[in-house]
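A.B. asks: This one is data_5.cif, mmCIF, C-alpha atoms.
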```
data_protein
loop_
_atom_site.label_atom_id
_atom_site.label_comp_id
_atom_site.auth_asym_id
_atom_site.auth_seq_id
_atom_site.Cartn_x
_atom_site.Cartn_y
_atom_site.Cartn_z
CA MET W 4 18.65 -43.83 -1.78
CA LYS W 5 17.72 -47.49 -2.43
CA HIS W 6 14.26 -48.39 -1.16
CA VAL W 7 14.71 -50.64 1.92
CA THR W 8 12.08 -53.20 2.95
CA LEU W 9 11.74 -56.01 5.45
CA ARG W 10 12.47 -58.45 2.59
CA ASN W 11 15.84 -56.71 2.14
CA CYS W 12 16.56 -57.33 5.82
CA LEU W 13 15.91 -61.08 5.54
CA ASN W 14 18.10 -61.33 2.45
CA LEU W 15 20.95 -59.59 4.28
CA ILE W 16 20.70 -62.07 7.15
CA LYS W 17 20.87 -65.01 4.69
CA LYS W 18 23.93 -63.54 2.92
CA HIS W 19 25.81 -62.89 6.16
CA PRO W 20 25.05 -65.76 8.53
CA ASP W 21 28.24 -65.06 10.44
CA VAL W 22 26.99 -61.68 11.61
CA PRO W 23 24.46 -61.72 14.44
CA SER W 24 21.01 -61.14 13.02
CA ILE W 25 20.16 -58.60 15.65
CA LEU W 26 23.00 -56.29 14.52
CA ILE W 27 21.84 -56.45 10.91
CA LEU W 28 18.27 -55.75 11.93
CA LEU W 29 19.31 -52.75 14.03
CA ALA W 30 21.38 -51.33 11.18
CA VAL W 31 18.57 -51.73 8.68
CA ILE W 32 16.03 -50.20 11.06
CA GLY W 33 18.31 -47.16 11.30
CA ILE W 34 18.44 -46.94 7.51
CA LEU W 35 14.67 -47.16 7.34
CA ILE W 36 14.29 -44.29 9.79
CA VAL W 37 16.71 -42.05 7.87
CA SER W 38 15.01 -42.97 4.60
CA PHE W 39 11.62 -42.04 6.01
CA PHE W 40 12.74 -38.57 7.02
CA LEU W 41 14.53 -37.93 3.75
CA GLN W 42 11.45 -38.87 1.81
CA GLY W 43 9.41 -36.55 4.01
CA CYS W 44 11.67 -33.68 3.00
CA ASP W 45 11.62 -34.55 -0.71
CA ASN W 46 8.85 -32.75 -2.61
CA SER W 47 9.88 -34.08 -6.01
CA GLU W 48 6.86 -36.36 -6.17
CA GLY W 49 4.54 -34.37 -3.91
CA GLU W 50 3.39 -30.80 -3.48
CA ILE W 51 6.01 -28.20 -4.37
CA SER W 52 6.44 -25.45 -1.76
CA GLN W 53 6.03 -21.93 -3.11
CA THR W 54 8.96 -19.58 -2.70
CA THR W 55 7.97 -16.70 -0.47
CA GLU W 56 9.36 -13.27 0.31
CA SER W 57 9.27 -11.35 3.57
CA THR W 58 7.60 -8.23 2.15
CA PHE W 59 5.55 -6.98 -0.75
CA LEU W 60 7.80 -6.42 -3.76
CA VAL W 61 7.66 -4.23 -6.85
CA LYS W 62 8.50 -6.30 -9.92
CA GLY W 63 8.65 -4.28 -13.10
CA THR W 64 5.68 -1.93 -12.92
CA TYR W 65 3.57 -4.13 -10.64
CA LEU W 66 3.33 -4.75 -6.92
CA THR W 67 3.46 -8.40 -5.86
CA ASP W 68 2.61 -9.97 -2.51
CA PRO W 69 5.07 -12.18 -0.59
CA CYS W 70 3.61 -15.27 -2.32
CA GLY W 71 4.37 -13.77 -5.74
CA ASP W 72 0.86 -12.76 -6.83
CA THR W 73 0.23 -9.36 -8.42
CA VAL W 74 -1.68 -6.79 -6.40
CA ILE W 75 -3.33 -3.76 -7.99
CA LEU W 76 -4.04 -1.37 -5.14
CA LYS W 77 -7.69 -0.33 -4.98
CA GLY W 78 -8.66 1.32 -1.74
CA VAL W 79 -9.26 4.53 0.17
CA ASN W 80 -7.50 7.13 2.27
CA LYS W 81 -8.37 7.59 5.95
CA MET W 82 -7.31 10.58 8.05
CA SER W 83 -6.70 8.37 11.05
CA VAL W 84 -4.44 10.72 12.96
CA PHE W 85 -7.24 13.30 13.06
CA ASP W 86 -10.00 10.86 14.06
CA MET W 87 -10.68 11.27 17.76
CA GLU W 88 -13.93 9.26 17.75
CA ASP W 89 -12.36 6.03 16.51
CA PRO W 90 -8.61 6.63 16.89
CA ASN W 91 -7.54 3.02 16.35
CA GLY W 92 -9.89 2.25 13.46
CA SER W 93 -11.66 -0.37 15.55
CA VAL W 94 -14.91 0.43 13.71
CA TYR W 95 -14.09 2.16 10.44
CA PHE W 96 -11.66 -0.40 9.00
CA ALA W 97 -14.44 -2.97 9.04
CA GLU W 98 -16.71 -0.42 7.35
CA ILE W 99 -14.11 0.33 4.69
CA ALA W 100 -13.67 -3.40 4.08
CA LYS W 101 -17.33 -3.59 3.04
CA THR W 102 -16.41 -1.62 -0.10
CA ASN W 103 -14.18 -4.54 -1.21
CA ALA W 104 -11.08 -2.33 -0.86
CA ASN W 105 -7.80 -4.21 -0.62
CA SER W 106 -5.84 -1.36 0.93
CA VAL W 107 -6.08 1.75 3.11
CA ARG W 108 -3.71 4.70 3.03
CA ILE W 109 -3.45 5.72 6.67
CA VAL W 110 -2.73 9.40 7.36
CA TRP W 111 -0.22 9.82 10.18
CA LYS W 112 1.74 12.72 11.66
CA LYS W 113 4.39 13.32 14.28
CA VAL W 114 1.88 15.42 16.20
CA TYR W 115 -1.88 15.53 16.63
CA SER W 116 -4.00 18.55 15.73
CA ASN W 117 -3.48 19.85 19.28
CA GLU W 118 0.31 19.70 18.69
CA ASN W 119 0.80 16.94 21.25
CA PRO W 120 3.14 14.16 20.07
CA SER W 121 1.32 11.32 18.36
CA GLN W 122 1.54 7.94 20.07
CA PRO W 123 3.35 5.03 18.40
CA SER W 124 0.97 2.66 20.20
CA GLN W 125 -1.92 4.17 18.26
CA LEU W 126 -0.09 3.68 14.95
CA ASP W 127 0.59 0.07 15.92
CA ALA W 128 -3.13 -0.44 16.64
CA LEU W 129 -4.15 1.17 13.34
CA ILE W 130 -1.87 -1.08 11.32
CA SER W 131 -2.98 -4.15 13.25
CA ASN W 132 -6.67 -3.40 12.81
CA CYS W 133 -6.23 -2.73 9.10
CA ILE W 134 -4.49 -6.11 8.72
CA GLN W 135 -7.27 -7.83 10.68
CA ALA W 136 -9.76 -6.31 8.24
CA LYS W 137 -7.71 -7.94 5.44
CA MET W 138 -6.53 -4.75 3.80
CA ILE W 139 -2.97 -3.60 3.15
CA PRO W 140 -1.97 -0.75 5.50
CA ILE W 141 -0.15 2.01 3.60
CA VAL W 142 1.14 4.48 6.17
CA GLU W 143 1.93 8.01 4.97
CA MET W 144 3.56 10.82 6.91
CA HIS W 145 1.58 14.04 6.45
CA ASP W 146 4.05 16.49 8.04
CA ALA W 147 5.86 17.39 4.81
CA THR W 148 2.73 18.19 2.79
CA CYS W 149 3.75 20.84 0.22
CA ASP W 150 6.85 21.53 2.37
CA TRP W 151 10.14 20.22 0.98
CA SER W 152 12.08 21.35 4.07
CA GLU W 153 10.29 18.71 6.18
CA LEU W 154 11.32 15.67 4.11
CA ASP W 155 14.45 14.86 6.10
CA ASN W 156 12.62 15.29 9.41
CA VAL W 157 9.98 12.83 8.26
CA VAL W 158 12.64 10.30 7.26
CA ASN W 159 14.26 10.65 10.68
CA TYR W 160 10.87 9.96 12.26
CA TRP W 161 10.53 6.72 10.27
CA ILE W 162 13.88 5.47 11.55
CA SER W 163 13.33 6.53 15.17
CA PRO W 164 13.43 3.44 17.44
CA ASP W 165 9.71 3.18 18.27
CA ILE W 166 8.49 3.69 14.69
CA LEU W 167 11.19 1.51 13.15
CA ALA W 168 10.17 -1.31 15.49
CA ILE W 169 6.57 -1.02 14.26
CA VAL W 170 7.63 -1.13 10.62
CA LYS W 171 9.76 -4.21 11.24
CA LYS W 172 6.90 -5.85 13.13
CA TYR W 173 4.49 -5.44 10.23
CA GLU W 174 6.85 -5.47 7.25
CA HIS W 175 5.16 -8.61 5.92
CA ALA W 176 1.95 -6.65 5.36
CA MET W 177 2.53 -2.89 5.19
CA ILE W 178 3.84 -0.32 2.73
CA VAL W 179 5.73 2.84 3.71
CA ASN W 180 4.62 6.02 1.92
CA ILE W 181 7.64 8.13 2.87
CA ALA W 182 6.09 11.61 2.84
CA ASN W 183 2.76 12.95 1.66
CA GLU W 184 3.14 15.43 -1.22
CA ALA W 185 6.54 16.71 -0.08
CA GLY W 186 7.40 19.97 -1.83
CA ASP W 187 5.53 22.67 -3.69
CA ALA W 188 5.77 23.71 -7.34
CA ASN W 189 9.25 25.17 -6.81
CA VAL W 190 11.01 21.84 -6.16
CA THR W 191 13.45 21.11 -8.99
CA ALA W 192 14.21 17.71 -10.49
CA GLU W 193 17.74 17.86 -9.03
CA GLN W 194 16.44 18.63 -5.54
CA PHE W 195 13.84 15.90 -5.77
CA LYS W 196 16.30 13.25 -6.93
CA ALA W 197 18.95 14.11 -4.34
CA GLY W 198 16.39 14.38 -1.53
CA TYR W 199 14.85 11.01 -2.19
CA GLN W 200 18.17 9.29 -2.82
CA ASN W 201 19.17 10.40 0.67
CA ALA W 202 15.81 9.25 2.05
CA ILE W 203 16.10 5.83 0.42
CA THR W 204 19.63 5.34 1.74
CA LYS W 205 18.63 6.24 5.30
CA LEU W 206 15.55 4.03 5.33
CA ARG W 207 17.28 1.00 3.82
CA ASN W 208 20.34 1.37 6.07
CA ALA W 209 17.98 1.37 9.04
CA GLY W 210 16.66 -2.03 7.92
CA ILE W 211 13.31 -1.06 6.35
CA LYS W 212 12.55 -3.62 3.61
CA THR W 213 8.98 -2.73 2.68
CA PRO W 214 8.09 -1.09 -0.62
CA LEU W 215 8.63 2.66 -0.42
CA ILE W 216 6.14 5.03 -2.05
CA ILE W 217 7.45 8.35 -3.31
CA ASP W 218 4.88 11.11 -3.88
CA ALA W 219 5.21 13.63 -6.67
CA PRO W 220 6.10 17.25 -5.78
CA ASP W 221 3.85 20.26 -6.37
CA CYS W 222 1.69 18.91 -3.55
CA GLY W 223 1.51 15.55 -5.31
CA LYS W 224 0.45 16.77 -8.75
CA ASN W 225 3.67 16.89 -10.79
CA LEU W 226 3.82 13.46 -12.39
CA GLU W 227 5.87 14.82 -15.29
CA LEU W 228 8.83 15.50 -12.98
CA ILE W 229 8.79 11.93 -11.63
CA VAL W 230 8.78 10.06 -14.94
CA PRO W 231 12.39 10.73 -16.05
CA LEU W 232 13.74 10.26 -12.50
CA ALA W 233 12.01 7.01 -11.58
CA SER W 234 14.54 4.65 -13.12
CA ASP W 235 17.52 6.28 -11.40
CA LEU W 236 15.77 6.24 -8.04
CA ILE W 237 14.86 2.56 -8.46
CA GLN W 238 18.48 1.75 -9.28
CA HIS W 239 19.60 3.73 -6.23
CA ASP W 240 17.42 1.59 -4.00
CA PRO W 241 19.40 -1.58 -3.11
CA GLN W 242 16.08 -3.43 -2.88
CA HIS W 243 14.71 -1.97 -6.16
CA ASN W 244 11.40 -1.82 -4.31
CA LEU W 245 9.80 1.54 -5.09
CA LEU W 246 6.38 2.77 -6.14
CA PHE W 247 5.69 6.30 -7.31
CA SER W 248 2.51 8.17 -6.56
CA ALA W 249 0.73 11.08 -8.19
CA HIS W 250 -2.21 12.89 -6.63
CA PRO W 251 -4.10 13.99 -9.75
CA TYR W 252 -5.91 17.05 -8.48
CA TRP W 253 -5.89 18.13 -12.12
CA SER W 254 -8.95 20.32 -12.42
CA ILE W 255 -11.15 20.64 -15.46
CA THR W 256 -10.98 24.40 -14.89
CA ASP W 257 -7.20 24.26 -15.33
CA GLY W 258 -7.40 22.30 -18.59
CA ALA W 259 -7.24 18.71 -17.37
CA THR W 260 -9.28 17.18 -20.19
CA PRO W 261 -9.58 13.42 -20.76
CA ALA W 262 -6.84 13.82 -23.39
CA PHE W 263 -4.56 15.46 -20.82
CA ILE W 264 -5.20 12.66 -18.32
CA LYS W 265 -4.56 10.03 -20.97
CA GLY W 266 -1.29 11.70 -21.94
CA GLN W 267 -0.08 11.83 -18.34
CA LEU W 268 -0.75 8.16 -17.61
CA ASP W 269 0.40 6.97 -21.03
CA ASN W 270 3.71 8.76 -20.51
CA ALA W 271 4.27 7.08 -17.16
CA ALA W 272 3.32 3.66 -18.50
CA ASN W 273 5.47 4.01 -21.63
CA ASN W 274 8.45 4.80 -19.39
CA ASN W 275 7.80 1.78 -17.13
CA VAL W 276 7.11 3.81 -14.02
CA PRO W 277 5.58 1.68 -11.23
CA LEU W 278 2.79 4.13 -10.55
CA ILE W 279 -0.24 4.49 -8.31
CA LEU W 280 -2.65 7.39 -7.89
CA GLY W 281 -2.32 7.91 -4.15
CA GLU W 282 -5.26 10.30 -3.89
CA LEU W 283 -8.11 10.14 -6.39
CA CYS W 284 -11.07 12.47 -5.91
CA ALA W 285 -13.76 14.26 -7.88
CA TYR W 286 -12.86 17.60 -6.28
CA GLY W 287 -9.86 19.39 -4.84
CA GLY W 288 -8.35 20.76 -8.05
CA TYR W 289 -7.08 24.25 -8.74
CA PRO W 290 -10.19 26.47 -8.91
CA GLY W 291 -8.71 29.08 -11.26
CA ASN W 292 -7.08 32.50 -11.06
CA GLY W 293 -8.74 34.81 -8.59
CA ALA W 294 -10.79 32.07 -6.93
CA GLU W 295 -10.63 31.37 -3.20
CA GLY W 296 -8.81 28.21 -2.21
CA THR W 297 -11.99 26.92 -0.60
CA GLU W 298 -13.59 26.89 -4.06
CA SER W 299 -11.57 23.79 -4.88
CA CYS W 300 -14.45 22.01 -3.14
CA THR W 301 -16.92 23.39 -5.67
CA ALA W 302 -17.49 22.84 -9.38
CA LYS W 303 -14.51 25.13 -10.02
CA GLY W 304 -12.24 22.48 -8.49
CA ALA W 305 -13.91 19.49 -10.13
CA VAL W 306 -11.68 16.70 -11.45
CA ASP W 307 -12.64 14.26 -14.21
CA TYR W 308 -12.35 11.22 -11.96
CA THR W 309 -14.13 8.98 -14.49
CA ALA W 310 -11.33 9.60 -16.99
CA LEU W 311 -8.79 8.79 -14.28
CA LEU W 312 -10.55 5.49 -13.57
CA SER W 313 -10.79 4.42 -17.20
CA GLU W 314 -7.26 5.47 -18.17
CA SER W 315 -5.81 3.81 -15.05
CA ALA W 316 -7.54 0.57 -15.98
CA LYS W 317 -5.80 0.51 -19.36
CA HIS W 318 -2.42 0.37 -17.67
CA LYS W 319 -3.46 -1.55 -14.52
CA ILE W 320 -2.55 1.44 -12.37
CA GLY W 321 -3.84 1.23 -8.81
CA TRP W 322 -5.50 4.11 -6.97
CA LEU W 323 -6.71 5.16 -3.54
CA VAL W 324 -9.79 7.35 -3.11
CA TRP W 325 -9.58 10.54 -1.07
CA GLU W 326 -11.15 10.41 1.52
CA TRP W 327 -13.33 8.18 3.71
CA GLY W 328 -14.55 11.06 5.84
CA PRO W 329 -16.17 12.85 7.38
CA GLY W 330 -13.94 15.78 8.22
CA ASN W 331 -12.49 17.25 5.03
CA GLY W 332 -12.13 20.99 5.28
CA PHE W 333 -9.94 24.04 5.72
CA TYR W 334 -9.12 23.89 9.41
CA GLU W 335 -6.54 26.65 9.21
CA LEU W 336 -9.34 29.15 8.61
CA ASP W 337 -11.41 30.79 11.31
CA PRO W 338 -14.18 29.84 11.13
CA ILE W 339 -13.42 26.42 9.63
CA VAL W 340 -14.70 25.88 6.11
CA TYR W 341 -15.82 22.30 5.63
CA CYS W 342 -15.57 20.40 2.35
CA PRO W 343 -18.31 17.73 2.27
CA THR W 344 -17.82 17.17 -1.48
CA MET W 345 -14.60 15.32 -0.65
CA ASP W 346 -16.13 13.12 2.10
CA MET W 347 -17.00 9.64 0.88
CA THR W 348 -19.17 9.08 3.96
CA THR W 349 -21.07 11.34 6.35
CA ASN W 350 -20.44 9.29 9.49
CA GLY W 351 -17.75 6.79 8.55
CA THR W 352 -20.12 3.94 7.71
CA TYR W 353 -20.53 2.06 4.46
CA GLN W 354 -24.31 2.45 4.76
CA THR W 355 -24.00 6.19 4.11
CA ILE W 356 -22.41 5.39 0.75
CA LEU W 357 -25.32 3.10 -0.08
CA ASP W 358 -27.71 5.91 0.90
CA ILE W 359 -26.14 8.53 -1.40
CA GLN W 360 -28.60 10.03 -3.85
CA GLN W 361 -27.82 11.19 -7.36
CA ASP W 362 -28.00 14.91 -6.49
CA ASP W 363 -25.93 14.69 -3.29
CA VAL W 364 -22.71 16.70 -3.21
CA ASN W 365 -20.67 13.50 -2.85
CA ALA W 366 -22.59 11.42 -5.39
CA TRP W 367 -19.27 10.63 -7.07
CA ALA W 368 -18.29 8.53 -4.03
CA LYS W 369 -21.08 6.03 -4.62
CA ASP W 370 -20.05 5.83 -8.26
CA VAL W 371 -16.36 5.22 -7.56
CA VAL W 372 -17.18 2.56 -4.95
CA ILE W 373 -20.27 0.80 -6.32
CA THR W 374 -21.65 1.94 -9.67
CA ASN W 375 -18.73 2.59 -11.98
CA SER W 376 -17.54 -0.37 -14.02
CA TYR W 377 -13.96 0.53 -13.00
CA GLY W 378 -14.88 1.15 -9.36
CA ILE W 379 -13.75 -0.60 -6.19
CA GLN W 380 -16.49 -3.19 -5.87
CA LYS W 381 -16.20 -4.32 -9.47
CA THR W 382 -12.43 -4.30 -9.88
CA ALA W 383 -10.67 -4.55 -6.51
CA HIS W 384 -9.10 -7.93 -5.84
CA LYS W 385 -7.57 -9.43 -2.74
CA THR W 386 -4.91 -12.04 -3.41
CA ASP W 387 -4.93 -15.28 -1.46
CA TYR W 388 -2.15 -13.88 0.71
CA ILE W 389 -4.36 -11.01 1.86
CA SER W 390 -7.49 -13.16 2.17
CA ASN W 391 -5.59 -15.72 4.25
CA GLY W 392 -4.65 -13.08 6.83
CA PHE W 393 -1.34 -12.11 5.22
CA LEU W 394 -0.02 -15.67 5.12
CA CYS W 395 1.17 -17.86 2.27
CA LYS W 396 -0.70 -21.16 2.39
#
```
Could I get this file's structure written as structure tokens?
C.D. replies:
Amino acid sequence: MKHVTLRNCLNLIKKHPDVPSILILLAVIGILIVSFFLQGCDNSEGEISQTTESTFLVKGTYLTDPCGDTVILKGVNKMSVFDMEDPNGSVYFAEIAKTNANSVRIVWKKVYSNENPSQPSQLDALISNCIQAKMIPIVEMHDATCDWSELDNVVNYWISPDILAIVKKYEHAMIVNIANEAGDANVTAEQFKAGYQNAITKLRNAGIKTPLIIDAPDCGKNLELIVPLASDLIQHDPQHNLLFSAHPYWSITDGATPAFIKGQLDNAANNNVPLILGELCAYGGYPGNGAEGTESCTAKGAVDYTALLSESAKHKIGWLVWEWGPGNGFYELDPIVYCPTMDMTTNGTYQTILDIQQDDVNAWAKDVVITNSYGIQKTAHKTDYISNGFLCK
């Protein structure tokens, strides 16, 4: 549009003396007003607006925020659904944030430990408080743990009206981890592929747009099964917005050497699998033939977490530490057998991580948070989107 000035107005009046000046002036004033607004909408000479998305997106092997910046997940797990002292995370999310974590994997179930139905209002509060603490809420359903038969029931829970409304409310900030560790060692590749294709279809048809995280079978450990299936599952997803998660409770006792760990993560990276380690811990591995299950919390179940950290860094694979604590244990036993080696904290506060001594049973937690060069404090990064309260500015 030609630039219009007051001088142009006077020239028009001189050229058309037969037309009342007032009409010409009114017409030109109208042009000036339209020109002003058009220029206000034109960013060609000013600041260019950044294209934004409505959710986090997986692009290639990396997660990106709605502003387009890459996010490498570095955070912790929190058994929120079992926490009766701080059920909404009003206190502990702020404590977790002191680690520099950019994300929290929130444990949720259809029922509480007392078998009463869990309350959607509590889940809403947990997600909200995690967002306020400027960390990505990753909600996982724990009901299908090591139980393939529960996968479809978990999917139906996600798309139930109350839960679906929560996901839609927070889709700009959250990630849906469909089912924690669904299936034991007997799940076949064919079963896994068909089961998750059905899950993806149901969730997307219900309107869920967030990234979907798919855990490996064999209680989260079988990364090898996922690798050749990942591409087909991504193509099946109309949004192509999937992450895959392994829980590497690969014990030293069972032969998980640094070379084994390197081979596992190299294989996933070489096959372009968008991977995270959804549960990373120094204990919890298979304790060996003839050992009691509770011995997974001892040296028999030790995992080379330092190798996991270093090998993950090579491929920019994100990870989430298991678990903030306290409260890890074998609650199905009578009496309960507690597992303090897997608790990052003793009372849910960051100070108890700072207070950890070298010979404490959970000394690894201080290393993975503070000391290790690949740990949370030294490598976790919050993008501007997260730091700005989950807004593109």
A.B. asks: Run the PyMOL selection byres ((chain W and resi 258) around 12) against the file shown and list the residues it catches, as a ChimeraX atom specification.
C.D. replies: /W:252-257,259-264,288-291,303-307
A.B. asks: Measuring atom to atom with all atoms listed in the file, identify which of W:Asn274, W:Ser106, W:Thr386, W:Gln242 is nearest to Lys81 in chain W.
C.D. replies: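 Residue with the minimum atom-to-atom distance to Lys81 in chain W: W:Ser106.
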A.B. asks: List the spatial neighbours of range 330-335 of chain W as a list of chain:residue names - criterion: any atom at most 8 Å away, only C-alpha atoms, same-chain residues fewer than 5 positions off excluded.
C.D. replies: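 Selected residues are W:Thr297, W:Val340, W:Tyr341, W:Cys342, W:Pro343, W:Met345, W:Asp346.
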A.B. asks: Could the residues in this selection be saved with C-alpha atoms as a CSV table (one decimal), in the coordinates of the input?
C.D. replies:
```
chain,number,residue,atom,x,y,z
W,297,THR,CA,-12.0,26.9,-0.6
W,340,VAL,CA,-14.7,25.9,6.1
W,341,TYR,CA,-15.8,22.3,5.6
W,342,CYS,CA,-15.6,20.4,2.4
W,343,PRO,CA,-18.3,17.7,2.3
W,345,MET,CA,-14.6,15.3,-0.6
W,346,ASP,CA,-16.1,13.1,2.1
```
A.B. asks: Carefully work through the PyMOL selection byres ((chain W and resi 276) around 9) for this structure and note down the residues it includes, as a tab-separated table (two decimals) with C-alpha atoms, in the coordinates of the input.
C.D. replies:
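Contents of expr-v2.tsv, as written:
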```tsv
chain	number	residue	atom	x	y	z
W	63	GLY	CA	8.65	-4.28	-13.10
W	64	THR	CA	5.68	-1.93	-12.92
W	229	ILE	CA	8.79	11.93	-11.63
W	230	VAL	CA	8.78	10.06	-14.94
W	231	PRO	CA	12.39	10.73	-16.05
W	233	ALA	CA	12.01	7.01	-11.58
W	234	SER	CA	14.54	4.65	-13.12
W	246	LEU	CA	6.38	2.77	-6.14
W	247	PHE	CA	5.69	6.30	-7.31
W	270	ASN	CA	3.71	8.76	-20.51
W	271	ALA	CA	4.27	7.08	-17.16
W	272	ALA	CA	3.32	3.66	-18.50
W	273	ASN	CA	5.47	4.01	-21.63
W	274	ASN	CA	8.45	4.80	-19.39
W	275	ASN	CA	7.80	1.78	-17.13
W	277	PRO	CA	5.58	1.68	-11.23
W	278	LEU	CA	2.79	4.13	-10.55
```
A.B. asks: Counting only C-alpha atoms, note down every residue that has an atom within 12 Å of the point (0.0, 17.0, 7.4) (file coordinates), as number ranges by chain.
C.D. replies: W: 82-85, 109-116, 118, 143-150, 153-154, 157, 182-185, 222, 334-335
A.B. asks: Using all atoms listed in the file, pick whichever of W:Arg207, W:Lys396, W:Lys265, W:Lys77 has the shortest atom-to-atom distance to Lys381 in chain W.
C.D. replies: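 Using all atoms listed in the file, Lys381 in chain W sits closest to W:Lys77.
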A.B. asks: For this file, the PyMOL selection byres ((chain W and resi 178) around 7) selects which residues, as a PyMOL selection string?
C.D. replies: chain W and resi 140-142+177+179-180+213-215
A.B. asks: Go through W:Thr344, W:Ser390, W:Thr309, W:Thr204 one by one, measure the shortest atom-to-atom distance of each to Tyr286 in chain W using only C-alpha atoms, and give the residue with the smallest value.
C.D. replies: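 Checking each candidate against Tyr286 in chain W, we get W:Thr344 as the closest.
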A.B. asks: So, with only C-alpha atoms as the atoms that count, which of W:Ala209, W:Ile130, W:Val324, W:Val372 lies closest to Ser163 in chain W?
C.D. replies: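 For Ser163 in chain W, the nearest of the candidates is W:Ala209.
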A.B. asks: Could you name the residues that touch Pro251 in chain W at 9 Å or less, counting all atoms listed in the file, but leaving out those on the same chain fewer than 2 positions away, as a list of chain:residue names?
C.D. replies: W:Gly223, W:Lys224, W:Asn225, W:Leu226, W:Ala249, W:Trp253, W:Ser254, W:Ile264, W:Leu280, W:Gly281, W:Glu282, W:Leu283, W:Cys284, W:Gly288, W:Val306, W:Tyr308, W:Leu311
A.B. asks: Provide the CA of Gly198 in chain W to CA of Arg108 in chain W distance in Å, to one decimal place.
C.D. replies: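 Computing it gives 22.8 Å between the two atoms.
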A.B. asks: List the spatial neighbours of Leu167 in chain W as a PyMOL selection string - criterion: any atom at most 12 Å away, only C-alpha atoms, same-chain residues fewer than 3 positions off excluded.
C.D. replies: chain W and resi 123+126-127+158-164+170-174+179+205-213
A.B. asks: Using CA of Asn350 in chain W and CA of Leu76 in chain W as the two end points, give the distance in Å to one decimal.
C.D. replies: 24.4 Å
A.B. asks: Taking (13.4, 13.0, -8.6) as a centre in this file's frame and 7 Å as the limit, can you find every polymer residue with an atom that close, using only C-alpha atoms, and give them as a ChimeraX atom specification?
C.D. replies: /W:192-193,195-196,199,228-229,232-233
A.B. asks: How many Å lie between CA of Asp187 in chain W and CA of Pro241 in chain W, rounded to one decimal?
C.D. replies: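 Here the two named atoms are 27.9 Å from each other.
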A.B. asks: From the options W:Ile237, W:Pro329, W:Val107, W:Ser248, which residue's atoms come nearest to Ile217 in chain W, counting all atoms listed in the file?
C.D. replies: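 Looking at the shortest contact to Ile217 in chain W, the residue is W:Ser248.
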A.B. asks: When distances are computed from all atoms listed in the file, which of W:Leu312, W:Gln200, W:Leu245, W:Trp325 shows the smallest separation from Leu66 in chain W?
C.D. replies: W:Leu245
A.B. asks: Taking all atoms of range 273-281 of chain W that the file lists, what box with edges along x, y and z, padded by 6 Å per side, do you get, with centre and edge lengths in Å to one decimal, as AutoDock Vina command-line options?
C.D. replies:
```
--center_x 2.9 --center_y 4.8 --center_z -12.9 --size_x 23.1 --size_y 18.2 --size_z 29.5
```
